[in-house]
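*Asks:* My file is entry_10.pdb. It has PDB, C-alpha atoms:
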```pdb
MODEL        1
ATOM      1  CA  MET A  18       0.000   0.000   0.000
ATOM      2  CA  ASN A  19       1.328   3.401  -0.999
ATOM      3  CA  ILE A  20       0.396   6.313   1.289
ATOM      4  CA  THR A  21       0.298   9.938   0.099
ATOM      5  CA  TYR A  22      -0.660  12.796   2.403
ATOM      6  CA  LEU A  23      -2.578  15.525   0.580
ATOM      7  CA  ASN A  24      -3.327  17.655   3.624
ATOM      8  CA  ALA A  25      -2.467  16.648   7.176
ATOM      9  CA  SER A  26      -0.707  18.147  10.161
ATOM     10  CA  GLU A  27       2.311  16.450  11.695
ATOM     11  CA  THR A  28       0.155  15.608  14.714
ATOM     12  CA  TYR A  29      -2.374  13.802  12.541
ATOM     13  CA  LYS A  30       0.353  11.975  10.620
ATOM     14  CA  ARG A  31       1.667  10.683  13.942
ATOM     15  CA  LYS A  32      -1.838   9.437  14.795
ATOM     16  CA  VAL A  33      -2.012   7.510  11.530
ATOM     17  CA  GLN A  34       1.466   6.092  12.128
ATOM     18  CA  ALA A  35       0.465   5.067  15.660
ATOM     19  CA  PHE A  36      -2.464   3.100  14.286
ATOM     20  CA  GLU A  37      -0.268   1.470  11.647
ATOM     21  CA  ASP A  38       2.161   0.480  14.414
ATOM     22  CA  GLU A  39      -0.730  -0.939  16.446
ATOM     23  CA  TRP A  40      -1.847  -2.929  13.426
ATOM     24  CA  ASN A  41       1.645  -4.343  12.923
ATOM     25  CA  ASN A  42       2.281  -5.263  16.562
ATOM     26  CA  SER A  43       2.003  -8.801  17.925
ATOM     27  CA  ASN A  44      -1.497  -8.388  19.371
ATOM     28  CA  THR A  45      -4.315 -10.171  17.557
ATOM     29  CA  PHE A  46      -6.744  -7.322  18.201
ATOM     30  CA  ILE A  47      -6.990  -3.538  18.184
ATOM     31  CA  CYS A  48      -8.797  -1.342  20.706
ATOM     32  CA  SER A  49     -11.615   0.964  19.675
ATOM     33  CA  LYS A  50     -14.675   2.661  21.133
ATOM     34  CA  THR A  51     -18.352   2.487  20.282
ATOM     35  CA  SER A  52     -19.740   5.723  18.827
ATOM     36  CA  GLY A  53     -21.627   6.870  21.905
ATOM     37  CA  SER A  54     -24.663   8.006  19.908
ATOM     38  CA  THR A  55     -27.092   6.185  22.247
ATOM     39  CA  GLY A  56     -25.130   6.048  25.494
ATOM     40  CA  GLN A  57     -21.675   6.260  27.012
ATOM     41  CA  PRO A  58     -18.909   5.114  24.620
ATOM     42  CA  LYS A  59     -17.322   1.850  25.683
ATOM     43  CA  GLU A  60     -13.966   0.398  24.733
ATOM     44  CA  ILE A  61     -13.960  -2.905  22.876
ATOM     45  CA  GLN A  62     -11.314  -5.189  21.427
ATOM     46  CA  ILE A  63     -11.686  -6.007  17.742
ATOM     47  CA  PRO A  64      -9.875  -9.034  16.281
ATOM     48  CA  LYS A  65      -7.599  -8.027  13.425
ATOM     49  CA  GLN A  66      -8.686 -11.035  11.364
ATOM     50  CA  LYS A  67     -12.307  -9.879  11.573
ATOM     51  CA  MET A  68     -11.281  -6.454  10.248
ATOM     52  CA  ILE A  69      -9.518  -8.170   7.358
ATOM     53  CA  ASP A  70     -12.643 -10.221   6.637
ATOM     54  CA  SER A  71     -14.798  -7.070   6.738
ATOM     55  CA  ALA A  72     -12.471  -5.250   4.339
ATOM     56  CA  ARG A  73     -12.628  -8.136   1.869
ATOM     57  CA  MET A  74     -16.451  -8.231   2.008
ATOM     58  CA  THR A  75     -16.608  -4.526   1.158
ATOM     59  CA  GLY A  76     -14.129  -4.967  -1.677
ATOM     60  CA  GLN A  77     -16.115  -7.858  -3.136
ATOM     61  CA  PHE A  78     -19.490  -6.103  -2.793
ATOM     62  CA  LEU A  79     -18.218  -2.960  -4.564
ATOM     63  CA  SER A  80     -15.897  -4.785  -7.017
ATOM     64  CA  ILE A  81     -12.905  -2.727  -5.858
ATOM     65  CA  GLN A  82      -9.758  -3.632  -7.806
ATOM     66  CA  LYS A  83      -6.127  -3.894  -6.727
ATOM     67  CA  GLY A  84      -4.170  -0.716  -7.522
ATOM     68  CA  GLU A  85      -7.165   1.640  -7.365
ATOM     69  CA  ASN A  86      -6.949   4.930  -5.481
ATOM     70  CA  ALA A  87      -8.748   5.412  -2.152
ATOM     71  CA  LEU A  88      -9.203   8.653  -0.221
ATOM     72  CA  HIS A  89      -8.999   8.494   3.576
ATOM     73  CA  CYS A  90     -10.704  11.513   5.178
ATOM     74  CA  LEU A  91     -12.284  10.098   8.348
ATOM     75  CA  SER A  92     -10.803  10.334  11.826
ATOM     76  CA  ILE A  93      -8.292   7.547  12.402
ATOM     77  CA  ASP A  94      -9.554   7.508  16.013
ATOM     78  CA  THR A  95     -12.888   6.001  14.915
ATOM     79  CA  ILE A  96     -13.620   2.483  13.698
ATOM     80  CA  ALA A  97     -14.697   3.976  10.343
ATOM     81  CA  GLY A  98     -11.304   5.632   9.925
ATOM     82  CA  LYS A  99      -9.441   2.522  11.035
ATOM     83  CA  MET A 100     -11.429   0.340   8.639
ATOM     84  CA  MET A 101     -10.773   2.628   5.670
ATOM     85  CA  PHE A 102      -7.040   2.280   6.346
ATOM     86  CA  ILE A 103      -7.341  -1.515   6.586
ATOM     87  CA  ARG A 104      -9.393  -1.727   3.362
ATOM     88  CA  ALA A 105      -6.619   0.069   1.498
ATOM     89  CA  LEU A 106      -4.021  -2.234   3.063
ATOM     90  CA  ILE A 107      -5.857  -5.523   2.437
ATOM     91  CA  LEU A 108      -7.237  -4.633  -1.010
ATOM     92  CA  LYS A 109      -3.805  -3.274  -2.070
ATOM     93  CA  LEU A 110      -5.001   0.237  -2.873
ATOM     94  CA  ASN A 111      -3.090   3.489  -3.185
ATOM     95  CA  LEU A 112      -4.155   5.514  -0.143
ATOM     96  CA  PHE A 113      -4.410   9.312  -0.228
ATOM     97  CA  ILE A 114      -4.942  10.863   3.209
ATOM     98  CA  VAL A 115      -6.635  14.155   4.059
ATOM     99  CA  GLU A 116      -7.031  15.224   7.666
ATOM    100  CA  PRO A 117     -10.785  15.161   8.472
ATOM    101  CA  CYS A 118     -12.581  18.320   7.319
ATOM    102  CA  SER A 119     -15.957  19.293   5.869
ATOM    103  CA  ASN A 120     -14.853  19.072   2.208
ATOM    104  CA  PRO A 121     -11.855  16.752   1.760
ATOM    105  CA  LEU A 122     -12.183  16.791  -2.038
ATOM    106  CA  LYS A 123     -10.943  20.368  -2.233
ATOM    107  CA  PHE A 124      -7.440  18.977  -1.636
ATOM    108  CA  VAL A 125      -7.756  16.239  -4.271
ATOM    109  CA  PHE A 126      -6.462  16.543  -7.822
ATOM    110  CA  ASN A 127      -5.731  12.838  -8.378
ATOM    111  CA  ARG A 128      -8.173  10.253  -9.660
ATOM    112  CA  ILE A 129     -10.055   8.698  -6.733
ATOM    113  CA  ASP A 130     -11.903   5.384  -7.101
ATOM    114  CA  PHE A 131     -13.106   4.798  -3.554
ATOM    115  CA  ILE A 132     -14.064   7.145  -0.713
ATOM    116  CA  ALA A 133     -15.875   6.931   2.630
ATOM    117  CA  LEU A 134     -17.661  10.013   3.985
ATOM    118  CA  VAL A 135     -19.985  11.117   6.772
ATOM    119  CA  PRO A 136     -23.213  12.991   5.830
ATOM    120  CA  LEU A 137     -21.764  16.387   6.788
ATOM    121  CA  GLN A 138     -18.894  15.905   4.330
ATOM    122  CA  LEU A 139     -21.248  14.751   1.574
ATOM    123  CA  ALA A 140     -23.427  17.853   2.042
ATOM    124  CA  SER A 141     -20.382  20.127   1.814
ATOM    125  CA  ILE A 142     -19.054  18.377  -1.301
ATOM    126  CA  LEU A 143     -22.431  18.707  -3.034
ATOM    127  CA  GLN A 144     -22.209  22.465  -2.534
ATOM    128  CA  SER A 145     -18.810  22.987  -4.108
ATOM    129  CA  ASP A 146     -17.208  19.834  -5.563
ATOM    130  CA  LYS A 147     -19.954  17.605  -6.966
ATOM    131  CA  GLU A 148     -18.063  17.316 -10.268
ATOM    132  CA  LYS A 149     -15.231  15.555  -8.429
ATOM    133  CA  LEU A 150     -17.705  13.307  -6.619
ATOM    134  CA  ASN A 151     -19.176  12.318  -9.984
ATOM    135  CA  GLN A 152     -15.795  10.939 -11.046
ATOM    136  CA  ILE A 153     -15.493   8.566  -8.069
ATOM    137  CA  SER A 154     -16.584   4.980  -8.796
ATOM    138  CA  ASN A 155     -17.548   4.013  -5.235
ATOM    139  CA  SER A 156     -18.609   6.483  -2.553
ATOM    140  CA  ILE A 157     -19.878   5.077   0.749
ATOM    141  CA  ILE A 158     -21.620   7.186   3.401
ATOM    142  CA  GLY A 159     -21.869   6.221   7.068
ATOM    143  CA  GLY A 160     -22.363   7.735  10.486
ATOM    144  CA  GLY A 161     -26.040   8.601  10.084
ATOM    145  CA  GLU A 162     -28.996   8.643   7.727
ATOM    146  CA  ILE A 163     -28.937  10.942   4.701
ATOM    147  CA  SER A 164     -31.540  13.705   4.578
ATOM    148  CA  LYS A 165     -34.126  13.930   1.808
ATOM    149  CA  THR A 166     -32.559  17.237   0.775
ATOM    150  CA  ILE A 167     -29.222  15.542   0.120
ATOM    151  CA  GLU A 168     -30.914  12.614  -1.629
ATOM    152  CA  LEU A 169     -32.721  15.061  -3.928
ATOM    153  CA  GLU A 170     -29.471  16.909  -4.650
ATOM    154  CA  LEU A 171     -27.804  13.605  -5.558
ATOM    155  CA  TYR A 172     -30.730  12.705  -7.829
ATOM    156  CA  LYS A 173     -30.756  16.089  -9.587
ATOM    157  CA  ASN A 174     -27.061  15.743 -10.350
ATOM    158  CA  LYS A 175     -27.421  12.086 -11.426
ATOM    159  CA  LEU A 176     -25.134  10.948  -8.612
ATOM    160  CA  THR A 177     -25.385   7.636  -6.777
ATOM    161  CA  VAL A 178     -23.631   6.790  -3.513
ATOM    162  CA  TYR A 179     -23.954   3.918  -1.055
ATOM    163  CA  GLN A 180     -25.515   4.452   2.363
ATOM    164  CA  THR A 181     -23.953   1.954   4.769
ATOM    165  CA  PHE A 182     -25.498   0.211   7.763
ATOM    166  CA  GLY A 183     -23.485  -1.137  10.642
ATOM    167  CA  MET A 184     -22.018  -0.492  14.052
ATOM    168  CA  THR A 185     -18.725  -0.888  15.863
ATOM    169  CA  GLU A 186     -19.850  -4.246  17.228
ATOM    170  CA  THR A 187     -20.185  -5.584  13.640
ATOM    171  CA  ILE A 188     -16.756  -4.198  12.695
ATOM    172  CA  SER A 189     -18.059  -1.539  10.328
ATOM    173  CA  HIS A 190     -20.946  -1.998   7.909
ATOM    174  CA  ILE A 191     -22.783  -5.236   7.158
ATOM    175  CA  ALA A 192     -25.254  -3.842   4.595
ATOM    176  CA  MET A 193     -25.600  -1.081   1.991
ATOM    177  CA  ARG A 194     -28.205   0.586  -0.179
ATOM    178  CA  LYS A 195     -27.882   2.942  -3.126
ATOM    179  CA  ILE A 196     -29.178   6.479  -2.669
ATOM    180  CA  GLY A 197     -29.520   9.271  -5.188
ATOM    181  CA  PHE A 198     -30.036   8.648  -8.889
ATOM    182  CA  GLU A 199     -30.297   4.858  -8.496
ATOM    183  CA  GLN A 200     -32.283   5.047  -5.263
ATOM    184  CA  GLN A 201     -32.948   1.815  -3.341
ATOM    185  CA  GLU A 202     -35.265   1.736  -0.332
ATOM    186  CA  ALA A 203     -33.936  -1.511   1.097
ATOM    187  CA  TYR A 204     -30.493  -2.405   2.432
ATOM    188  CA  THR A 205     -28.727  -5.497   1.071
ATOM    189  CA  THR A 206     -26.335  -7.400   3.320
ATOM    190  CA  LEU A 207     -22.729  -8.027   2.306
ATOM    191  CA  GLY A 208     -21.177 -11.444   1.860
ATOM    192  CA  GLU A 209     -22.423 -14.149   4.210
ATOM    193  CA  ASN A 210     -24.185 -11.678   6.503
ATOM    194  CA  PHE A 211     -27.901 -12.333   6.866
ATOM    195  CA  ILE A 212     -30.669 -10.978   9.056
ATOM    196  CA  THR A 213     -33.788 -12.015  10.935
ATOM    197  CA  GLU A 214     -36.166 -10.024  13.116
ATOM    198  CA  GLU A 215     -37.518 -10.396  16.626
ATOM    199  CA  ASN A 216     -40.476  -8.226  17.645
ATOM    200  CA  SER A 217     -39.776  -6.098  14.545
ATOM    201  CA  ARG A 218     -36.190  -5.529  15.727
ATOM    202  CA  LEU A 219     -33.206  -6.357  13.566
ATOM    203  CA  VAL A 220     -31.125  -9.403  14.490
ATOM    204  CA  ILE A 221     -27.770  -9.650  12.690
ATOM    205  CA  HIS A 222     -26.103 -12.963  11.843
ATOM    206  CA  SER A 223     -22.555 -12.363  10.669
ATOM    207  CA  PRO A 224     -19.355 -14.340  10.163
ATOM    208  CA  LEU A 225     -17.674 -11.335  11.811
ATOM    209  CA  LEU A 226     -19.555 -12.333  14.979
ATOM    210  CA  ASN A 227     -19.109 -16.071  14.443
ATOM    211  CA  PHE A 228     -22.825 -16.095  13.512
ATOM    212  CA  ILE A 229     -23.774 -15.460  17.138
ATOM    213  CA  PRO A 230     -27.032 -13.462  16.762
ATOM    214  CA  LEU A 231     -26.658  -9.777  17.553
ATOM    215  CA  LYS A 232     -29.978  -8.339  18.721
ATOM    216  CA  THR A 233     -30.210  -4.630  17.973
ATOM    217  CA  ASN A 234     -32.505  -1.749  18.869
ATOM    218  CA  ASP A 235     -33.160  -1.053  15.190
ATOM    219  CA  SER A 236     -36.761  -1.255  14.024
ATOM    220  CA  ILE A 237     -36.985  -2.789  10.540
ATOM    221  CA  GLU A 238     -39.318  -4.119   7.904
ATOM    222  CA  LEU A 239     -37.895  -7.531   6.992
ATOM    223  CA  ILE A 240     -38.093  -8.372   3.288
ATOM    224  CA  ASP A 241     -35.968 -11.520   3.256
ATOM    225  CA  ALA A 242     -32.792 -12.870   4.851
ATOM    226  CA  LYS A 243     -30.613 -10.474   2.829
ATOM    227  CA  THR A 244     -32.734  -7.314   2.540
ATOM    228  CA  PHE A 245     -34.547  -5.000   4.955
ATOM    229  CA  ILE A 246     -35.958  -1.488   5.280
ATOM    230  CA  TRP A 247     -34.671   0.470   8.275
ATOM    231  CA  LYS A 248     -37.380   2.373  10.179
ATOM    232  CA  GLY A 249     -35.542   3.793  13.194
ATOM    233  CA  ARG A 250     -34.119   2.895  16.586
ATOM    234  CA  THR A 251     -36.487   1.496  19.178
ATOM    235  CA  ASP A 252     -34.512   3.040  22.021
ATOM    236  CA  PHE A 253     -35.495   6.466  20.692
ATOM    237  CA  VAL A 254     -39.181   5.531  20.380
ATOM    238  CA  ILE A 255     -41.469   8.131  21.964
ATOM    239  CA  ASN A 256     -44.732   7.104  23.587
ATOM    240  CA  THR A 257     -46.993  10.148  23.515
ATOM    241  CA  GLY A 258     -50.517   9.587  24.749
ATOM    242  CA  GLY A 259     -50.217   5.872  23.985
ATOM    243  CA  VAL A 260     -49.044   6.469  20.404
ATOM    244  CA  LYS A 261     -45.525   5.255  19.607
ATOM    245  CA  ILE A 262     -43.510   7.601  17.397
ATOM    246  CA  HIS A 263     -40.171   6.850  15.701
ATOM    247  CA  PRO A 264     -38.250  10.170  15.751
ATOM    248  CA  GLU A 265     -36.179   9.201  12.706
ATOM    249  CA  GLU A 266     -39.320   8.726  10.602
ATOM    250  CA  VAL A 267     -40.604  12.166  11.619
ATOM    251  CA  GLU A 268     -37.194  13.686  10.850
ATOM    252  CA  LYS A 269     -37.233  12.243   7.341
ATOM    253  CA  LYS A 270     -40.575  13.909   6.647
ATOM    254  CA  ILE A 271     -39.456  17.409   7.612
ATOM    255  CA  ASN A 272     -35.732  17.480   6.829
ATOM    256  CA  SER A 273     -36.295  19.357   3.564
ATOM    257  CA  ILE A 274     -37.898  22.205   5.560
ATOM    258  CA  ILE A 275     -35.116  22.731   8.106
ATOM    259  CA  SER A 276     -31.719  23.814   6.816
ATOM    260  CA  THR A 277     -29.688  23.411  10.034
ATOM    261  CA  PRO A 278     -28.979  20.278  12.115
ATOM    262  CA  PHE A 279     -31.980  19.141  14.138
ATOM    263  CA  PHE A 280     -33.581  16.149  15.795
ATOM    264  CA  ILE A 281     -36.917  15.078  17.231
ATOM    265  CA  SER A 282     -37.020  14.114  20.900
ATOM    266  CA  SER A 283     -39.346  14.313  23.886
ATOM    267  CA  LEU A 284     -39.785  15.755  27.354
ATOM    268  CA  LYS A 285     -41.891  14.480  30.246
ATOM    269  CA  ASP A 286     -45.469  15.704  30.112
ATOM    270  CA  PRO A 287     -48.188  15.263  32.787
ATOM    271  CA  PHE A 288     -50.930  14.790  30.201
ATOM    272  CA  PHE A 289     -49.281  12.856  27.333
ATOM    273  CA  GLY A 290     -46.582  11.096  29.359
ATOM    274  CA  GLU A 291     -44.096  12.323  26.771
ATOM    275  CA  LYS A 292     -44.494  15.284  24.440
ATOM    276  CA  LEU A 293     -42.704  15.603  21.120
ATOM    277  CA  ILE A 294     -40.216  18.437  20.812
ATOM    278  CA  LEU A 295     -38.124  19.681  17.918
ATOM    279  CA  CYS A 296     -34.502  20.604  18.746
ATOM    280  CA  ILE A 297     -32.750  22.854  16.222
ATOM    281  CA  GLU A 298     -29.097  23.900  16.215
ATOM    282  CA  SER A 299     -29.219  27.649  15.641
ATOM    283  CA  LYS A 300     -28.085  30.813  17.388
ATOM    284  CA  LEU A 301     -31.254  32.521  16.155
ATOM    285  CA  GLU A 302     -34.847  31.561  16.846
ATOM    286  CA  LEU A 303     -35.988  30.872  13.297
ATOM    287  CA  HIS A 304     -39.643  30.834  12.344
ATOM    288  CA  TYR A 305     -41.133  27.504  11.348
ATOM    289  CA  PRO A 306     -44.945  27.772  11.116
ATOM    290  CA  ILE A 307     -46.858  24.778  12.461
ATOM    291  CA  LYS A 308     -48.707  24.617   9.138
ATOM    292  CA  SER A 309     -45.490  23.661   7.347
ATOM    293  CA  PHE A 310     -45.290  20.597   9.616
ATOM    294  CA  SER A 311     -48.987  19.729   9.629
ATOM    295  CA  GLU A 312     -48.943  19.287   5.845
ATOM    296  CA  ARG A 313     -46.304  16.556   6.201
ATOM    297  CA  LEU A 314     -46.936  14.994   9.596
ATOM    298  CA  HIS A 315     -49.681  13.030  11.301
ATOM    299  CA  LYS A 316     -51.240  15.017  14.145
ATOM    300  CA  PHE A 317     -49.422  12.895  16.738
ATOM    301  CA  GLU A 318     -46.078  13.582  14.989
ATOM    302  CA  ILE A 319     -46.306  17.382  15.152
ATOM    303  CA  PRO A 320     -43.869  18.784  17.761
ATOM    304  CA  LYS A 321     -45.541  20.470  20.698
ATOM    305  CA  GLU A 322     -42.593  22.820  21.199
ATOM    306  CA  ILE A 323     -39.483  23.955  19.316
ATOM    307  CA  TYR A 324     -36.188  24.579  21.107
ATOM    308  CA  PHE A 325     -33.193  26.346  19.599
ATOM    309  CA  PHE A 326     -29.719  25.596  20.942
ATOM    310  CA  PRO A 327     -26.524  27.317  19.671
ATOM    311  CA  THR A 328     -24.385  24.164  19.473
ATOM    312  CA  PHE A 329     -25.313  20.485  19.655
ATOM    313  CA  THR A 330     -23.003  17.857  21.094
ATOM    314  CA  TYR A 331     -21.560  15.451  18.518
ATOM    315  CA  THR A 332     -19.841  12.078  18.709
ATOM    316  CA  GLU A 333     -16.403  11.506  17.180
ATOM    317  CA  SER A 334     -18.099  10.091  14.075
ATOM    318  CA  GLN A 335     -20.059  13.366  13.701
ATOM    319  CA  LYS A 336     -23.455  11.987  14.716
ATOM    320  CA  ILE A 337     -25.609  14.206  16.899
ATOM    321  CA  ASN A 338     -25.298  12.924  20.446
ATOM    322  CA  ARG A 339     -29.022  13.085  21.120
ATOM    323  CA  LEU A 340     -28.889  12.069  24.758
ATOM    324  CA  GLN A 341     -26.174  14.525  25.764
ATOM    325  CA  THR A 342     -27.639  17.381  23.713
ATOM    326  CA  LEU A 343     -31.091  16.789  25.171
ATOM    327  CA  LYS A 344     -29.613  16.924  28.688
ATOM    328  CA  LEU A 345     -28.118  20.337  27.866
ATOM    329  CA  ILE A 346     -31.409  21.585  26.445
ATOM    330  CA  ALA A 347     -33.361  20.281  29.445
ATOM    331  CA  HIS A 348     -30.897  21.998  31.779
ATOM    332  CA  ALA A 349     -31.276  25.277  29.849
ATOM    333  CA  ILE A 350     -35.067  25.010  30.121
ATOM    334  CA  GLN A 351     -34.836  24.498  33.896
ATOM    335  CA  GLN A 352     -32.636  27.585  34.191
ATOM    336  CA  VAL A 353     -35.342  29.676  32.510
ATOM    337  CA  LEU A 354     -38.233  28.276  34.613
TER     338      LEU A 354
ENDMDL
END
```
Would you put the structure from the file into structure tokens?
*Replies:*
Amino acid sequence: MNITYLNASETYKRKVQAFEDEWNNSNTFICSKTSGSTGQPKEIQIPKQKMIDSARMTGQFLSIQKGENALHCLSIDTIAGKMMFIRALILKLNLFIVEPCSNPLKFVFNRIDFIALVPLQLASILQSDKEKLNQISNSIIGGGEISKTIELELYKNKLTVYQTFGMTETISHIAMRKIGFEQQEAYTTLGENFITEENSRLVIHSPLLNFIPLKTNDSIELIDAKTFIWKGRTDFVINTGGVKIHPEEVEKKINSIISTPFFISSLKDPFFGEKLILCIESKLELHYPIKSFSERLHKFEIPKEIYFFPTFTYTESQKINRLQTLKLIAHAIQQVL
């Protein structure tokens, strides 16, 4: 594997070198942390052989060829960043490294065949470098669902990328679906991975887990053993007046209205048990008329209140840390009362 740094500080280069040294040491595992998007991050040990197997599954699924060029622009501290490095190593790719930033393609003037991005990076690239994105054979997006606004922008520009599905426990992604011009609603599992469901929750069966079933908190519509439609996480389900609401489904319906980061959550309510609230990252209190929501949402899905907060808390993989952000918002509300 050939490594070329396109834009990186000496500190970041040392981080990459430290991971390469960890990979080459005598241990049979590496240490990483879960993302922390639904709770406190925890450290886990990941067998190196399982990372190799995962890299090969991705290469086979996307038909990545030896000698192609890959761009590494995710934090090497995350499992996503580690896996991108390992894919380049195992698949014998030429690796170009950019220190994580909103638009890594602005530093790229070489041909790139394979790239992994988070949604924030994809949104930035679509604003200023979509021509470069169009020239990349395989673009995979992880770290969160893509908004309808971004999907529409991809479609208008005849661009297709792969949305990935996975978690640290599965050693990166185990399924993908096309979004954009060649839109697919359902995820398809990679390699020997297959899925079942229990009480409408996803159960993963993977060679990366020695086929020991991994029960998740993801609500799905099961199509068959290889394909499923993701509906949301059950641990975020809101029970308001006896009606169960999946925040992610509500977010999908209104994400073309709201231009800044946001999420749907809930607060305790003496009448409903839980009341839906809309949390928006903004220094200004923007005006979003209820009518704009009522045209898209069922009456039980309409937020009872809207809260603006200058800065959300994010995980290392750039997902909104809903639990921590909600704690900050709740604390701010108590200060006002």
*Asks:* Determine, counting all atoms listed in the file, which protein, DNA and RNA residues have an atom within 10 Å of an atom of Leu110 in chain A; residues of the same chain fewer than 2 positions away are not included. Present the result as JSON, numbers by chain.
*Replies:* {"A": [18, 19, 20, 81, 82, 83, 84, 85, 86, 87, 88, 102, 103, 104, 105, 106, 107, 108, 112, 113, 130, 131]}
*Asks:* Carefully work through the PyMOL selection byres ((chain A and resi 259) around 12) for this structure and note down the residues it includes, as a PyMOL selection string.
*Replies:* chain A and resi 254-258+260-262+288-292+317
*Asks:* Please build the interface table for range 203-295 of chain A against range 326-345 of chain A with a cut-off of 10 Å, listing for each qualifying residue the nearest atom pair and the distance in Å to one decimal; count all atoms listed in the file, order rows by chain and increasing number, and write it as CSV.
*Replies:*
```
residue,atom,partner,partner_atom,distance
A:Phe253,CA,A:Arg339,CA,9.3
A:Pro278,CA,A:Phe329,CA,8.4
A:Phe279,CA,A:Ile337,CA,8.5
A:Phe280,CA,A:Arg339,CA,7.7
A:Ile281,CA,A:Arg339,CA,9.0
A:Ser282,CA,A:Leu343,CA,7.8
A:Ser283,CA,A:Leu343,CA,8.7
A:Leu284,CA,A:Leu343,CA,9.0
```
*Asks:* Suppose you want the space between CA of His222 in chain A and CA of Thr95 in chain A; what is it in Å?
*Replies:*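 A separation of 23.3 Å between them.
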*Asks:* Please identify all polymer residues within 9 Å of Ala25 in chain A, counting only C-alpha atoms, omitting same-chain residues fewer than 5 positions from it, and present them as a list in words.
*Replies:* Lys30, Ile114, Val115, Glu116 and Pro117 of chain A
*Asks:* Which residue gives the smallest distance to Thr166 in chain A among A:Ile63, A:Ala242, A:Leu231, A:Ile271, with only C-alpha atoms counted?
*Replies:*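 So, comparing all the options, the nearest one is A:Ile271.
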*Asks:* Do you have the CA of Asn227 in chain A-CA of His89 in chain A distance handy?
*Replies:*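 CA of His89 in chain A lies at a distance of 28.7 Å from CA of Asn227 in chain A.
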*Asks:* In Å, rounded to a single decimal, give me how far CA of Cys296 in chain A is from CA of Cys90 in chain A.
*Replies:*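 Rounded to one decimal, the two atoms are 28.9 Å apart.
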*Asks:* Write out as a PDB file with C-alpha atoms, in the coordinates of the input which residues come within 10 Å of range 303-313 of chain A when counting all atoms listed in the file, dropping same-chain ones fewer than 6 positions away.
*Replies:*
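What follows is the written file around-v2.pdb:
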```pdb
ATOM      1  CA  VAL A 267     -40.604  12.166  11.619  1.00  0.00           C
ATOM      2  CA  LYS A 270     -40.575  13.909   6.647  1.00  0.00           C
ATOM      3  CA  ILE A 271     -39.456  17.409   7.612  1.00  0.00           C
ATOM      4  CA  ILE A 274     -37.898  22.205   5.560  1.00  0.00           C
ATOM      5  CA  ILE A 275     -35.116  22.731   8.106  1.00  0.00           C
ATOM      6  CA  ILE A 297     -32.750  22.854  16.222  1.00  0.00           C
ATOM      7  CA  ILE A 319     -46.306  17.382  15.152  1.00  0.00           C
ATOM      8  CA  PRO A 320     -43.869  18.784  17.761  1.00  0.00           C
ATOM      9  CA  LYS A 321     -45.541  20.470  20.698  1.00  0.00           C
ATOM     10  CA  GLU A 322     -42.593  22.820  21.199  1.00  0.00           C
ATOM     11  CA  ILE A 323     -39.483  23.955  19.316  1.00  0.00           C
ATOM     12  CA  PHE A 325     -33.193  26.346  19.599  1.00  0.00           C
TER      13      PHE A 325
END
```
*Asks:* Counting all atoms listed in the file, which residue out of A:Ile212, A:Leu219, A:Ile158, A:Ile96 sits closest to Ser236 in chain A?
*Replies:*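 Selected residue with least distance to Ser236 in chain A: A:Leu219.
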*Asks:* Please determine the residues with any atom at most 8 Å from (-5.1, -2.2, 13.4) (coordinates as given in the file, with all atoms listed in the file counting) and report them as number ranges by chain.
*Replies:* A: 36-41, 46-47, 65, 99, 103
*Asks:* Run through the PyMOL selection byres ((chain A and resi 184-199) around 7) on the given coordinates and return the selected residues as JSON, numbers by chain.
*Replies:* {"A": [51, 68, 71, 96, 97, 168, 169, 171, 172, 175, 176, 177, 178, 179, 180, 181, 182, 183, 200, 201, 203, 204, 205, 206, 207, 210, 225, 226]}
*Asks:* Around (-16.6, 19.3, 1.9) in the file's own coordinates, what residues are found within 9 Å if you use only C-alpha atoms, given back as a list in words?
*Replies:* Cys118, Ser119, Asn120, Pro121, Leu122, Lys123, Leu137, Gln138, Leu139, Ala140, Ser141, Ile142, Leu143, Gln144, Ser145 and Asp146 of chain A
*Asks:* Hey, which of A:Ile240, A:Ile153, A:Val135, A:Met74 ends up closest to Glu209 in chain A? Count only C-alpha atoms.
*Replies:*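 Among the listed residues, A:Met74 lies closest to Glu209 in chain A.
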*Asks:* Between A:Lys67, A:Lys248, A:Pro136, A:Gln77, which is the closest to Ser223 in chain A once you count all atoms listed in the file?
*Replies:*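 Among the listed residues, A:Lys67 lies closest to Ser223 in chain A.
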*Asks:* Determine the nearest neighbour of Lys285 in chain A from the options A:Ala347, A:Val220, A:Ile246, A:Ala35, counting only C-alpha atoms.
*Replies:*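 The closest residue to Lys285 in chain A is A:Ala347.
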*Asks:* Go through A:Lys269, A:Glu238, A:Asp286, A:Lys300 one by one, measure the shortest atom-to-atom distance of each to Ile167 in chain A using all atoms listed in the file, and give the residue with the smallest value.
*Replies:*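 Result for the nearest residue to Ile167 in chain A: A:Lys269.
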